[in-house]
Structures are given as structure tokens and as C-alpha cells.
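Enquirer: Following this message is one structure expressed as C-alpha cells.
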Amino acid sequence: MTTEGSDFRVQVSPDGRELLYTPAVPLGDESPTPLLAIPLAGGAPRRVLPCVREFATNAIGVYYTTCGPGPVREMHLLEAAGARDSMIGRARDTGFGGLDTPAVSPDGKPVLVPRGEFTRDLILVENFR
């Protein structure tokens, strides 16, 4: 699908015709990461958004957190119909690297974002079933 490579963030577009992804960047590179779309039928990728931190999709649209200085970032919805982009809330970086990806229900209510702090604690769960 792509010869440039991609980060591990890949989702099917709201209309099901494209794959949305962020391109691979070298570890530690803090440059803006665009959201790209490539047609499932083949073709060249196109830029959907100039910079996203994390994103998720459903039939309503693309939910994404903005780039820029953290730790608090805006959460936006880029609607599939009409392509309206609106801020729907704020999300705090968790420090988990690529694990800040939101989860979106099919109807768009609710949108879940990870919340917590990165620690190096080790927890043993005994008798787990």
C-alpha cells in the first residue's frame, strides 16, 4: 500500500475506501506528523490533516488529538460528511508513548482517552482467572 512506511497507527476511513495512517518517523523525531490517506484500490497517499498526535475513526468521522506542546492537547472531530472540524474536548498526555490512542464508540458517544501516569511499577496478580 505504501512504500514510505507507516507508524503503527492505521485505521479504515469513515467511508471504508481508504486507510488512514501516520508516516513512520525516526525515534525521537518531534517534527509534525501528518495524517495521510491512501485508497484501498491503490493510488498515491493524500494529506488529510497537517499534524496529529493520535487518532481513531468511526462512521461519523476522524477523532484526533492535536500536535504542539503538551501535556494538554485538544481533541477534535473531523466529520466525514461536510468535513467540518470542531474541538470536542481536551486530553492529557499519559506518557505511554503510542498508547494515548482514543477509543470511539460507533455512535461517537462516548469517546474514551487513556488517562494516567507512566510508572515503572511491577504488579503481580496472583490466582488470576
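Residues are referred to by chain and number: the chain letter is A, B, ... according to the order shown in the C-alpha cells, the number counts from 1 in that chain, and ligands are numbered separately from 1 in the order shown.
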Within 12 Å of Arg73 (chain A), counting only C-alpha atoms, which residues show up once you throw out same-chain ones fewer than 4 positions away? Write them as a list in words, please.

Expert: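 Final neighbour list, sorted by chain and number: Val52, Arg53, Glu54, Tyr64, Thr65, Thr66, Cys67, Gly68, Pro69, Met87, Ile88, Gly89, Arg90, Ala91, Arg92, Asp93, Thr94, Asp100 and Val113 of chain A.
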
Enquirer: Provide the CA of Leu77 (chain A) to CA of Gly61 (chain A) distance in Å, to one decimal place.

Expert: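 These atoms are spaced 6.5 Å apart.
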
Enquirer: Report as a list of chain:residue names all protein, DNA and RNA residues lying within 6 Å of Glu18 (chain A), evaluated on only C-alpha atoms, omitting residues in the same chain fewer than 5 positions from it.

Expert: A:Ser13, A:Ala37, A:Ile38, A:Pro39, A:Leu40

Enquirer: Have a look at CA of Ser86 (chain A) and CA of Val25 (chain A) and let me know their distance in Å, one decimal.

Expert: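 Going from CA of Ser86 (chain A) over to CA of Val25 (chain A), I get 27.1 Å.
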
Enquirer: Would you pick out the contacts of Tyr63 (chain A) at 10 Å or less, using only C-alpha atoms, so that residues sharing its chain but fewer than 6 positions from it are not included, and give the list as a PDB file with C-alpha atoms, in the first residue's frame?

Expert:
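Below is the file that was written, part-v1.pdb:
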```pdb
ATOM      1  CA  VAL A  52      -1.977  14.687  14.543  1.00  0.00           C
ATOM      2  CA  GLU A  54      -3.241  10.240  17.971  1.00  0.00           C
ATOM      3  CA  PHE A  55      -6.425   9.354  16.050  1.00  0.00           C
ATOM      4  CA  ALA A  56      -9.356   6.952  15.814  1.00  0.00           C
ATOM      5  CA  THR A  57     -12.247   6.607  13.352  1.00  0.00           C
ATOM      6  CA  MET A  75      -9.380  16.575  20.884  1.00  0.00           C
ATOM      7  CA  HIS A  76     -11.080  17.248  17.541  1.00  0.00           C
ATOM      8  CA  LEU A  77     -13.674  15.597  15.340  1.00  0.00           C
ATOM      9  CA  LEU A  78     -13.206  15.914  11.591  1.00  0.00           C
ATOM     10  CA  GLU A  79     -16.656  14.935  10.347  1.00  0.00           C
ATOM     11  CA  ASP A  85     -13.555  20.143  12.050  1.00  0.00           C
ATOM     12  CA  SER A  86     -14.530  21.009  15.622  1.00  0.00           C
ATOM     13  CA  MET A  87     -12.899  20.748  19.034  1.00  0.00           C
ATOM     14  CA  ILE A  88     -14.812  18.299  21.242  1.00  0.00           C
ATOM     15  CA  THR A 101      -4.883   6.460  21.168  1.00  0.00           C
ATOM     16  CA  PRO A 102      -8.552   7.304  21.769  1.00  0.00           C
ATOM     17  CA  ALA A 103     -11.310   4.716  21.519  1.00  0.00           C
ATOM     18  CA  VAL A 104     -14.562   5.798  19.885  1.00  0.00           C
ATOM     19  CA  GLY A 108     -19.491   8.748  18.777  1.00  0.00           C
ATOM     20  CA  VAL A 111     -15.014   8.928  23.218  1.00  0.00           C
TER      21      VAL A 111
END
```

Enquirer: How many Å separate CA of Cys51 (chain A) from CA of Leu35 (chain A)?

Expert: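 These two atoms are separated by 6.3 Å.
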
Enquirer: Which one of A:Pro50, A:Val62, A:Ser105, A:Gly43 sits closest to Leu20 (chain A) if you count only C-alpha atoms?

Expert: A:Val62
